[in-house]
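Asks: To be precise about what I am sending: the file is called target-v3.pdb and holds PDB, N, CA and C atoms.
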ATOM      1  N   MET A1233     -50.878 202.811-116.669  1.00  0.00           N
ATOM      2  CA  MET A1233     -51.461 201.491-116.863  1.00  0.00           C
ATOM      3  C   MET A1233     -50.441 200.535-117.484  1.00  0.00           C
ATOM      4  N   LYS A1234     -49.662 201.034-118.449  1.00  0.00           N
ATOM      5  CA  LYS A1234     -48.662 200.185-119.083  1.00  0.00           C
ATOM      6  C   LYS A1234     -47.620 199.717-118.075  1.00  0.00           C
ATOM      7  N   GLN A1235     -47.292 200.587-117.140  1.00  0.00           N
ATOM      8  CA  GLN A1235     -46.289 200.230-116.145  1.00  0.00           C
ATOM      9  C   GLN A1235     -46.794 199.106-115.238  1.00  0.00           C
ATOM     10  N   VAL A1236     -48.064 199.138-114.880  1.00  0.00           N
ATOM     11  CA  VAL A1236     -48.646 198.095-114.046  1.00  0.00           C
ATOM     12  C   VAL A1236     -48.626 196.764-114.789  1.00  0.00           C
ATOM     13  N   ILE A1237     -48.950 196.777-116.056  1.00  0.00           N
ATOM     14  CA  ILE A1237     -48.954 195.552-116.857  1.00  0.00           C
ATOM     15  C   ILE A1237     -47.530 195.009-116.976  1.00  0.00           C
ATOM     16  N   LYS A1238     -46.565 195.878-117.206  1.00  0.00           N
ATOM     17  CA  LYS A1238     -45.171 195.434-117.314  1.00  0.00           C
ATOM     18  C   LYS A1238     -44.694 194.808-116.005  1.00  0.00           C
ATOM     19  N   LEU A1239     -45.002 195.448-114.886  1.00  0.00           N
ATOM     20  CA  LEU A1239     -44.595 194.920-113.587  1.00  0.00           C
ATOM     21  C   LEU A1239     -45.261 193.570-113.298  1.00  0.00           C
ATOM     22  N   THR A1240     -46.524 193.452-113.674  1.00  0.00           N
ATOM     23  CA  THR A1240     -47.230 192.189-113.472  1.00  0.00           C
ATOM     24  C   THR A1240     -46.612 191.088-114.318  1.00  0.00           C
ATOM     25  N   MET A1241     -46.305 191.397-115.569  1.00  0.00           N
ATOM     26  CA  MET A1241     -45.693 190.404-116.447  1.00  0.00           C
ATOM     27  C   MET A1241     -44.306 190.014-115.937  1.00  0.00           C
ATOM     28  N   LEU A1242     -43.561 190.982-115.448  1.00  0.00           N
ATOM     29  CA  LEU A1242     -42.239 190.713-114.899  1.00  0.00           C
ATOM     30  C   LEU A1242     -42.336 189.814-113.666  1.00  0.00           C
ATOM     31  N   ALA A1243     -43.291 190.090-112.804  1.00  0.00           N
ATOM     32  CA  ALA A1243     -43.473 189.281-111.600  1.00  0.00           C
ATOM     33  C   ALA A1243     -43.865 187.850-111.954  1.00  0.00           C
ATOM     34  N   VAL A1244     -44.776 187.684-112.886  1.00  0.00           N
ATOM     35  CA  VAL A1244     -45.207 186.348-113.299  1.00  0.00           C
ATOM     36  C   VAL A1244     -44.052 185.601-113.954  1.00  0.00           C
ATOM     37  N   GLY A1245     -43.294 186.288-114.786  1.00  0.00           N
ATOM     38  CA  GLY A1245     -42.142 185.663-115.431  1.00  0.00           C
ATOM     39  C   GLY A1245     -41.090 185.222-114.437  1.00  0.00           C
ATOM     40  N   THR A1246     -40.835 186.051-113.455  1.00  0.00           N
ATOM     41  CA  THR A1246     -39.856 185.714-112.421  1.00  0.00           C
ATOM     42  C   THR A1246     -40.314 184.511-111.607  1.00  0.00           C
ATOM     43  N   MET A1247     -41.573 184.488-111.225  1.00  0.00           N
ATOM     44  CA  MET A1247     -42.099 183.360-110.455  1.00  0.00           C
ATOM     45  C   MET A1247     -42.042 182.072-111.277  1.00  0.00           C
ATOM     46  N   THR A1248     -42.344 182.159-112.546  1.00  0.00           N
ATOM     47  CA  THR A1248     -42.292 180.986-113.413  1.00  0.00           C
ATOM     48  C   THR A1248     -40.862 180.480-113.548  1.00  0.00           C
ATOM     49  N   ALA A1249     -39.915 181.380-113.688  1.00  0.00           N
ATOM     50  CA  ALA A1249     -38.516 180.990-113.816  1.00  0.00           C
ATOM     51  C   ALA A1249     -38.030 180.275-112.558  1.00  0.00           C
ATOM     52  N   PHE A1250     -38.385 180.785-111.381  1.00  0.00           N
ATOM     53  CA  PHE A1250     -37.963 180.151-110.141  1.00  0.00           C
ATOM     54  C   PHE A1250     -38.665 178.815-109.923  1.00  0.00           C
ATOM     55  N   ALA A1251     -39.911 178.705-110.335  1.00  0.00           N
ATOM     56  CA  ALA A1251     -40.648 177.454-110.158  1.00  0.00           C
ATOM     57  C   ALA A1251     -40.102 176.351-111.059  1.00  0.00           C
ATOM     58  N   SER A1252     -39.515 176.720-112.182  1.00  0.00           N
ATOM     59  CA  SER A1252     -39.022 175.708-113.107  1.00  0.00           C
ATOM     60  C   SER A1252     -37.609 175.224-112.777  1.00  0.00           C
ATOM     61  N   LEU A1253     -36.924 175.906-111.870  1.00  0.00           N
ATOM     62  CA  LEU A1253     -35.584 175.482-111.475  1.00  0.00           C
ATOM     63  C   LEU A1253     -35.664 174.245-110.602  1.00  0.00           C
ATOM     64  N   PRO A1254     -34.679 173.349-110.682  1.00  0.00           N
ATOM     65  CA  PRO A1254     -34.679 172.194-109.790  1.00  0.00           C
ATOM     66  C   PRO A1254     -34.503 172.641-108.350  1.00  0.00           C
ATOM     67  N   ALA A1255     -34.938 171.808-107.446  1.00  0.00           N
ATOM     68  CA  ALA A1255     -34.847 172.150-106.032  1.00  0.00           C
ATOM     69  C   ALA A1255     -33.391 172.353-105.628  1.00  0.00           C
ATOM     70  N   GLN A1256     -33.161 173.355-104.850  1.00  0.00           N
ATOM     71  CA  GLN A1256     -31.815 173.646-104.370  1.00  0.00           C
ATOM     72  C   GLN A1256     -31.438 172.656-103.277  1.00  0.00           C
ATOM     73  N   ALA A1257     -30.160 172.505-103.097  1.00  0.00           N
ATOM     74  CA  ALA A1257     -29.678 171.634-102.041  1.00  0.00           C
ATOM     75  C   ALA A1257     -30.059 172.233-100.690  1.00  0.00           C
ATOM     76  N   ALA A1258     -30.390 171.375 -99.766  1.00  0.00           N
ATOM     77  CA  ALA A1258     -30.753 171.813 -98.429  1.00  0.00           C
ATOM     78  C   ALA A1258     -29.569 171.570 -97.500  1.00  0.00           C
ATOM     79  N   GLN A1259     -29.761 171.893 -96.250  1.00  0.00           N
ATOM     80  CA  GLN A1259     -28.717 171.671 -95.259  1.00  0.00           C
ATOM     81  C   GLN A1259     -29.277 170.897 -94.089  1.00  0.00           C
ATOM     82  N   VAL A1260     -28.445 170.040 -93.530  1.00  0.00           N
ATOM     83  CA  VAL A1260     -28.753 169.371 -92.279  1.00  0.00           C
ATOM     84  C   VAL A1260     -27.731 169.892 -91.281  1.00  0.00           C
ATOM     85  N   CYS A1261     -28.227 170.460 -90.191  1.00  0.00           N
ATOM     86  CA  CYS A1261     -27.335 171.086 -89.211  1.00  0.00           C
ATOM     87  C   CYS A1261     -27.427 170.383 -87.860  1.00  0.00           C
ATOM     88  N   VAL A1262     -26.306 170.312 -87.193  1.00  0.00           N
ATOM     89  CA  VAL A1262     -26.228 169.799 -85.833  1.00  0.00           C
ATOM     90  C   VAL A1262     -25.603 170.909 -84.998  1.00  0.00           C
ATOM     91  N   PRO A1263     -26.316 171.370 -83.965  1.00  0.00           N
ATOM     92  CA  PRO A1263     -25.782 172.451 -83.144  1.00  0.00           C
ATOM     93  C   PRO A1263     -24.395 172.118 -82.592  1.00  0.00           C
ATOM     94  N   GLY A1264     -23.485 173.050 -82.753  1.00  0.00           N
ATOM     95  CA  GLY A1264     -22.136 172.874 -82.255  1.00  0.00           C
ATOM     96  C   GLY A1264     -21.219 172.091 -83.177  1.00  0.00           C
ATOM     97  N   ARG A1265     -21.754 171.514 -84.236  1.00  0.00           N
ATOM     98  CA  ARG A1265     -20.960 170.710 -85.162  1.00  0.00           C
ATOM     99  C   ARG A1265     -20.930 171.278 -86.566  1.00  0.00           C
ATOM    100  N   GLY A1266     -21.946 172.039 -86.941  1.00  0.00           N
ATOM    101  CA  GLY A1266     -21.978 172.625 -88.266  1.00  0.00           C
ATOM    102  C   GLY A1266     -23.085 172.045 -89.123  1.00  0.00           C
ATOM    103  N   CYS A1267     -22.997 172.346 -90.411  1.00  0.00           N
ATOM    104  CA  CYS A1267     -24.018 171.937 -91.366  1.00  0.00           C
ATOM    105  C   CYS A1267     -23.377 171.189 -92.527  1.00  0.00           C
ATOM    106  N   VAL A1268     -24.169 170.378 -93.172  1.00  0.00           N
ATOM    107  CA  VAL A1268     -23.735 169.682 -94.369  1.00  0.00           C
ATOM    108  C   VAL A1268     -24.820 169.867 -95.427  1.00  0.00           C
ATOM    109  N   ARG A1269     -24.390 170.239 -96.637  1.00  0.00           N
ATOM    110  CA  ARG A1269     -25.338 170.431 -97.727  1.00  0.00           C
ATOM    111  C   ARG A1269     -25.726 169.075 -98.296  1.00  0.00           C
ATOM    112  N   THR A1270     -26.961 168.950 -98.728  1.00  0.00           N
ATOM    113  CA  THR A1270     -27.444 167.673 -99.226  1.00  0.00           C
ATOM    114  C   THR A1270     -28.543 167.866-100.253  1.00  0.00           C
ATOM    115  N   THR A1271     -28.807 166.819-100.994  1.00  0.00           N
ATOM    116  CA  THR A1271     -29.952 166.793-101.902  1.00  0.00           C
ATOM    117  C   THR A1271     -31.039 165.964-101.234  1.00  0.00           C
ATOM    118  N   GLN A1272     -32.233 166.038-101.766  1.00  0.00           N
ATOM    119  CA  GLN A1272     -33.333 165.264-101.195  1.00  0.00           C
ATOM    120  C   GLN A1272     -33.068 163.768-101.315  1.00  0.00           C
ATOM    121  N   ALA A1273     -32.487 163.343-102.436  1.00  0.00           N
ATOM    122  CA  ALA A1273     -32.210 161.916-102.645  1.00  0.00           C
ATOM    123  C   ALA A1273     -31.186 161.400-101.627  1.00  0.00           C
ATOM    124  N   ALA A1274     -30.134 162.163-101.368  1.00  0.00           N
ATOM    125  CA  ALA A1274     -29.118 161.749-100.394  1.00  0.00           C
ATOM    126  C   ALA A1274     -29.705 161.710 -98.987  1.00  0.00           C
ATOM    127  N   TYR A1275     -30.517 162.706 -98.657  1.00  0.00           N
ATOM    128  CA  TYR A1275     -31.147 162.728 -97.335  1.00  0.00           C
ATOM    129  C   TYR A1275     -32.054 161.515 -97.160  1.00  0.00           C
ATOM    130  N   ASN A1276     -32.866 161.228 -98.185  1.00  0.00           N
ATOM    131  CA  ASN A1276     -33.774 160.083 -98.103  1.00  0.00           C
ATOM    132  C   ASN A1276     -33.003 158.781 -97.927  1.00  0.00           C
ATOM    133  N   SER A1277     -31.894 158.662 -98.629  1.00  0.00           N
ATOM    134  CA  SER A1277     -31.070 157.459 -98.519  1.00  0.00           C
ATOM    135  C   SER A1277     -30.552 157.288 -97.095  1.00  0.00           C
ATOM    136  N   CYS A1278     -30.055 158.351 -96.513  1.00  0.00           N
ATOM    137  CA  CYS A1278     -29.545 158.285 -95.137  1.00  0.00           C
ATOM    138  C   CYS A1278     -30.675 158.066 -94.133  1.00  0.00           C
ATOM    139  N   PHE A1279     -31.827 158.660 -94.385  1.00  0.00           N
ATOM    140  CA  PHE A1279     -32.978 158.456 -93.501  1.00  0.00           C
ATOM    141  C   PHE A1279     -33.411 156.996 -93.524  1.00  0.00           C
ATOM    142  N   GLU A1280     -33.503 156.419 -94.718  1.00  0.00           N
ATOM    143  CA  GLU A1280     -33.886 155.004 -94.831  1.00  0.00           C
ATOM    144  C   GLU A1280     -32.855 154.103 -94.153  1.00  0.00           C
ATOM    145  N   LEU A1281     -31.588 154.460 -94.271  1.00  0.00           N
ATOM    146  CA  LEU A1281     -30.541 153.693 -93.603  1.00  0.00           C
ATOM    147  C   LEU A1281     -30.692 153.777 -92.087  1.00  0.00           C
ATOM    148  N   SER A1282     -31.048 154.953 -91.589  1.00  0.00           N
ATOM    149  CA  SER A1282     -31.242 155.103 -90.140  1.00  0.00           C
ATOM    150  C   SER A1282     -32.401 154.237 -89.662  1.00  0.00           C
ATOM    151  N   GLN A1283     -33.447 154.141 -90.457  1.00  0.00           N
ATOM    152  CA  GLN A1283     -34.584 153.298 -90.094  1.00  0.00           C
ATOM    153  C   GLN A1283     -34.205 151.822 -90.134  1.00  0.00           C
ATOM    154  N   ALA A1284     -33.431 151.435 -91.139  1.00  0.00           N
ATOM    155  CA  ALA A1284     -33.010 150.039 -91.264  1.00  0.00           C
ATOM    156  C   ALA A1284     -32.102 149.621 -90.113  1.00  0.00           C
ATOM    157  N   ARG A1285     -31.345 150.555 -89.588  1.00  0.00           N
ATOM    158  CA  ARG A1285     -30.429 150.243 -88.487  1.00  0.00           C
ATOM    159  C   ARG A1285     -31.043 150.457 -87.112  1.00  0.00           C
ATOM    160  N   GLY A1286     -32.322 150.815 -87.083  1.00  0.00           N
ATOM    161  CA  GLY A1286     -33.037 150.893 -85.819  1.00  0.00           C
ATOM    162  C   GLY A1286     -32.931 152.197 -85.063  1.00  0.00           C
ATOM    163  N   VAL A1287     -32.531 153.264 -85.729  1.00  0.00           N
ATOM    164  CA  VAL A1287     -32.517 154.568 -85.072  1.00  0.00           C
ATOM    165  C   VAL A1287     -33.976 155.006 -84.915  1.00  0.00           C
ATOM    166  N   SER A1288     -34.278 155.705 -83.838  1.00  0.00           N
ATOM    167  CA  SER A1288     -35.648 156.104 -83.526  1.00  0.00           C
ATOM    168  C   SER A1288     -36.359 156.738 -84.719  1.00  0.00           C
ATOM    169  N   GLU A1289     -37.649 156.451 -84.831  1.00  0.00           N
ATOM    170  CA  GLU A1289     -38.444 157.013 -85.923  1.00  0.00           C
ATOM    171  C   GLU A1289     -38.750 158.489 -85.712  1.00  0.00           C
ATOM    172  N   GLN A1290     -38.654 158.946 -84.481  1.00  0.00           N
ATOM    173  CA  GLN A1290     -38.894 160.356 -84.220  1.00  0.00           C
ATOM    174  C   GLN A1290     -37.656 161.149 -84.629  1.00  0.00           C
ATOM    175  N   MET A1291     -37.874 162.387 -85.065  1.00  0.00           N
ATOM    176  CA  MET A1291     -36.744 163.236 -85.451  1.00  0.00           C
ATOM    177  C   MET A1291     -36.117 163.790 -84.178  1.00  0.00           C
ATOM    178  N   ASN A1292     -35.345 162.959 -83.516  1.00  0.00           N
ATOM    179  CA  ASN A1292     -34.694 163.391 -82.289  1.00  0.00           C
ATOM    180  C   ASN A1292     -33.206 163.584 -82.542  1.00  0.00           C
ATOM    181  N   ARG A1293     -32.469 163.842 -81.484  1.00  0.00           N
ATOM    182  CA  ARG A1293     -31.040 164.137 -81.637  1.00  0.00           C
ATOM    183  C   ARG A1293     -30.261 162.968 -82.215  1.00  0.00           C
ATOM    184  N   ALA A1294     -30.588 161.745 -81.806  1.00  0.00           N
ATOM    185  CA  ALA A1294     -29.848 160.576 -82.288  1.00  0.00           C
ATOM    186  C   ALA A1294     -30.044 160.391 -83.794  1.00  0.00           C
ATOM    187  N   GLU A1295     -31.272 160.551 -84.246  1.00  0.00           N
ATOM    188  CA  GLU A1295     -31.535 160.391 -85.674  1.00  0.00           C
ATOM    189  C   GLU A1295     -30.886 161.508 -86.486  1.00  0.00           C
ATOM    190  N   ARG A1296     -30.985 162.728 -86.000  1.00  0.00           N
ATOM    191  CA  ARG A1296     -30.368 163.860 -86.700  1.00  0.00           C
ATOM    192  C   ARG A1296     -28.849 163.663 -86.786  1.00  0.00           C
ATOM    193  N   TRP A1297     -28.253 163.193 -85.680  1.00  0.00           N
ATOM    194  CA  TRP A1297     -26.810 162.946 -85.658  1.00  0.00           C
ATOM    195  C   TRP A1297     -26.445 161.847 -86.644  1.00  0.00           C
ATOM    196  N   PHE A1298     -27.220 160.776 -86.685  1.00  0.00           N
ATOM    197  CA  PHE A1298     -26.964 159.677 -87.608  1.00  0.00           C
ATOM    198  C   PHE A1298     -27.028 160.161 -89.058  1.00  0.00           C
ATOM    199  N   ILE A1299     -28.064 160.917 -89.394  1.00  0.00           N
ATOM    200  CA  ILE A1299     -28.217 161.421 -90.765  1.00  0.00           C
ATOM    201  C   ILE A1299     -27.075 162.376 -91.099  1.00  0.00           C
ATOM    202  N   TYR A1300     -26.703 163.227 -90.162  1.00  0.00           N
ATOM    203  CA  TYR A1300     -25.591 164.154 -90.362  1.00  0.00           C
ATOM    204  C   TYR A1300     -24.304 163.387 -90.662  1.00  0.00           C
ATOM    205  N   GLN A1301     -24.007 162.376 -89.852  1.00  0.00           N
ATOM    206  CA  GLN A1301     -22.805 161.573 -90.049  1.00  0.00           C
ATOM    207  C   GLN A1301     -22.851 160.815 -91.377  1.00  0.00           C
ATOM    208  N   CYS A1302     -24.009 160.307 -91.719  1.00  0.00           N
ATOM    209  CA  CYS A1302     -24.181 159.592 -92.993  1.00  0.00           C
ATOM    210  C   CYS A1302     -23.909 160.518 -94.173  1.00  0.00           C
ATOM    211  N   LEU A1303     -24.460 161.718 -94.119  1.00  0.00           N
ATOM    212  CA  LEU A1303     -24.271 162.677 -95.214  1.00  0.00           C
ATOM    213  C   LEU A1303     -22.819 163.129 -95.319  1.00  0.00           C
ATOM    214  N   LYS A1304     -22.102 163.135 -94.208  1.00  0.00           N
ATOM    215  CA  LYS A1304     -20.687 163.492 -94.219  1.00  0.00           C
ATOM    216  C   LYS A1304     -19.830 162.337 -94.732  1.00  0.00           C
ATOM    217  N   GLY A1305     -20.427 161.154 -94.913  1.00  0.00           N
ATOM    218  CA  GLY A1305     -19.705 159.992 -95.410  1.00  0.00           C
ATOM    219  C   GLY A1305     -19.028 159.184 -94.324  1.00  0.00           C
ATOM    220  N   ARG A1306     -19.377 159.407 -93.088  1.00  0.00           N
ATOM    221  CA  ARG A1306     -18.725 158.710 -91.971  1.00  0.00           C
ATOM    222  C   ARG A1306     -19.427 157.417 -91.576  1.00  0.00           C
ATOM    223  N   ILE A1307     -20.610 157.165 -92.151  1.00  0.00           N
ATOM    224  CA  ILE A1307     -21.325 155.919 -91.891  1.00  0.00           C
ATOM    225  C   ILE A1307     -21.443 155.190 -93.228  1.00  0.00           C
ATOM    226  N   PRO A1308     -20.860 153.995 -93.310  1.00  0.00           N
ATOM    227  CA  PRO A1308     -20.937 153.268 -94.587  1.00  0.00           C
ATOM    228  C   PRO A1308     -22.367 152.872 -94.913  1.00  0.00           C
ATOM    229  N   ARG A1309     -22.701 152.993 -96.176  1.00  0.00           N
ATOM    230  CA  ARG A1309     -24.069 152.658 -96.601  1.00  0.00           C
ATOM    231  C   ARG A1309     -24.165 151.244 -97.047  1.00  0.00           C
TER     232      ARG A1309
END
Any chance you could give the structure as structure tokens?

Replies:
Amino acid sequence: MKQVIKLTMLAVGTMTAFASLPAQAAQVCVPGRGCVRTTQAAYNSCFELSQARGVSEQMNRAERWFIYQCLKGRIPR
């Protein structure tokens, strides 16, 4: 019984520790070109820029390419 309680406490502690960590950086990938790591704030900034410049609102290849290029620093903000 003690072992079950210890394992339960360990599991709850581990889940709590992971939940309290800040979100990890994500990746935006373009097939054949690679991936770029990003934060949610950087992605949102590039997404808003794509909308302001008239890139399609659907998540299609053109928008993904634009966001990828923006995150790589190749599109001035």

Asks: Do you know which residues the PyMOL selection byres (((chain A and resi 1285 and name CA) around 12) and name CA) returns on this file, as a list in words?

Replies: Cys1278, Phe1279, Glu1280, Leu1281, Ser1282, Gln1283, Ala1284, Gly1286, Val1287, Ser1288, Glu1289, Glu1295, Phe1298, Ile1299, Ile1307, Pro1308 and Arg1309 of chain A

Asks: Just write the chosen residues, N, CA and C atoms, as a PDB file, in the coordinates of the input.

Replies:
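And here is the file that came out, again09.pdb:
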ATOM      1  N   CYS A1278     -30.055 158.351 -96.513  1.00  0.00           N
ATOM      2  CA  CYS A1278     -29.545 158.285 -95.137  1.00  0.00           C
ATOM      3  C   CYS A1278     -30.675 158.066 -94.133  1.00  0.00           C
ATOM      4  N   PHE A1279     -31.827 158.660 -94.385  1.00  0.00           N
ATOM      5  CA  PHE A1279     -32.978 158.456 -93.501  1.00  0.00           C
ATOM      6  C   PHE A1279     -33.411 156.996 -93.524  1.00  0.00           C
ATOM      7  N   GLU A1280     -33.503 156.419 -94.718  1.00  0.00           N
ATOM      8  CA  GLU A1280     -33.886 155.004 -94.831  1.00  0.00           C
ATOM      9  C   GLU A1280     -32.855 154.103 -94.153  1.00  0.00           C
ATOM     10  N   LEU A1281     -31.588 154.460 -94.271  1.00  0.00           N
ATOM     11  CA  LEU A1281     -30.541 153.693 -93.603  1.00  0.00           C
ATOM     12  C   LEU A1281     -30.692 153.777 -92.087  1.00  0.00           C
ATOM     13  N   SER A1282     -31.048 154.953 -91.589  1.00  0.00           N
ATOM     14  CA  SER A1282     -31.242 155.103 -90.140  1.00  0.00           C
ATOM     15  C   SER A1282     -32.401 154.237 -89.662  1.00  0.00           C
ATOM     16  N   GLN A1283     -33.447 154.141 -90.457  1.00  0.00           N
ATOM     17  CA  GLN A1283     -34.584 153.298 -90.094  1.00  0.00           C
ATOM     18  C   GLN A1283     -34.205 151.822 -90.134  1.00  0.00           C
ATOM     19  N   ALA A1284     -33.431 151.435 -91.139  1.00  0.00           N
ATOM     20  CA  ALA A1284     -33.010 150.039 -91.264  1.00  0.00           C
ATOM     21  C   ALA A1284     -32.102 149.621 -90.113  1.00  0.00           C
ATOM     22  N   GLY A1286     -32.322 150.815 -87.083  1.00  0.00           N
ATOM     23  CA  GLY A1286     -33.037 150.893 -85.819  1.00  0.00           C
ATOM     24  C   GLY A1286     -32.931 152.197 -85.063  1.00  0.00           C
ATOM     25  N   VAL A1287     -32.531 153.264 -85.729  1.00  0.00           N
ATOM     26  CA  VAL A1287     -32.517 154.568 -85.072  1.00  0.00           C
ATOM     27  C   VAL A1287     -33.976 155.006 -84.915  1.00  0.00           C
ATOM     28  N   SER A1288     -34.278 155.705 -83.838  1.00  0.00           N
ATOM     29  CA  SER A1288     -35.648 156.104 -83.526  1.00  0.00           C
ATOM     30  C   SER A1288     -36.359 156.738 -84.719  1.00  0.00           C
ATOM     31  N   GLU A1289     -37.649 156.451 -84.831  1.00  0.00           N
ATOM     32  CA  GLU A1289     -38.444 157.013 -85.923  1.00  0.00           C
ATOM     33  C   GLU A1289     -38.750 158.489 -85.712  1.00  0.00           C
ATOM     34  N   GLU A1295     -31.272 160.551 -84.246  1.00  0.00           N
ATOM     35  CA  GLU A1295     -31.535 160.391 -85.674  1.00  0.00           C
ATOM     36  C   GLU A1295     -30.886 161.508 -86.486  1.00  0.00           C
ATOM     37  N   PHE A1298     -27.220 160.776 -86.685  1.00  0.00           N
ATOM     38  CA  PHE A1298     -26.964 159.677 -87.608  1.00  0.00           C
ATOM     39  C   PHE A1298     -27.028 160.161 -89.058  1.00  0.00           C
ATOM     40  N   ILE A1299     -28.064 160.917 -89.394  1.00  0.00           N
ATOM     41  CA  ILE A1299     -28.217 161.421 -90.765  1.00  0.00           C
ATOM     42  C   ILE A1299     -27.075 162.376 -91.099  1.00  0.00           C
ATOM     43  N   ILE A1307     -20.610 157.165 -92.151  1.00  0.00           N
ATOM     44  CA  ILE A1307     -21.325 155.919 -91.891  1.00  0.00           C
ATOM     45  C   ILE A1307     -21.443 155.190 -93.228  1.00  0.00           C
ATOM     46  N   PRO A1308     -20.860 153.995 -93.310  1.00  0.00           N
ATOM     47  CA  PRO A1308     -20.937 153.268 -94.587  1.00  0.00           C
ATOM     48  C   PRO A1308     -22.367 152.872 -94.913  1.00  0.00           C
ATOM     49  N   ARG A1309     -22.701 152.993 -96.176  1.00  0.00           N
ATOM     50  CA  ARG A1309     -24.069 152.658 -96.601  1.00  0.00           C
ATOM     51  C   ARG A1309     -24.165 151.244 -97.047  1.00  0.00           C
TER      52      ARG A1309
END

Asks: State, in Å with one decimal place, the distance from atom N of Gly1264 (chain A) to atom C of Asn1276 (chain A).

Replies: 22.9 Å

Asks: Which is closest to Trp1297 (chain A) among A:Tyr1275, A:Val1262, A:Ala1257, A:Cys1267, if we use all atoms listed in the file?

Replies: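 Among the listed residues, the smallest separation from Trp1297 (chain A) belongs to A:Val1262.
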
Asks: Between atom N of Ala1258 (chain A) and atom N of Gln1290 (chain A), what is the distance, to one decimal in Å?

Replies: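 Separation of atom N of Ala1258 (chain A) and atom N of Gln1290 (chain A): 21.4 Å.
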
Asks: Please, what distance in Å, to one decimal, runs between CA of Thr1270 (chain A) and CA of Lys1304 (chain A)?

Replies: 9.4 Å

Asks: What box, with edges along x, y and z, holds each listed atom of region 1267-1282 of chain A when 5 Å is added on every side, and can you state its centre and edge lengths in Å to one decimal, as lines of an AutoDock Vina configuration file?

Replies:
center_x = -28.4
center_y = 163.0
center_z = -96.2
size_x = 20.9
size_y = 28.7
size_z = 23.0
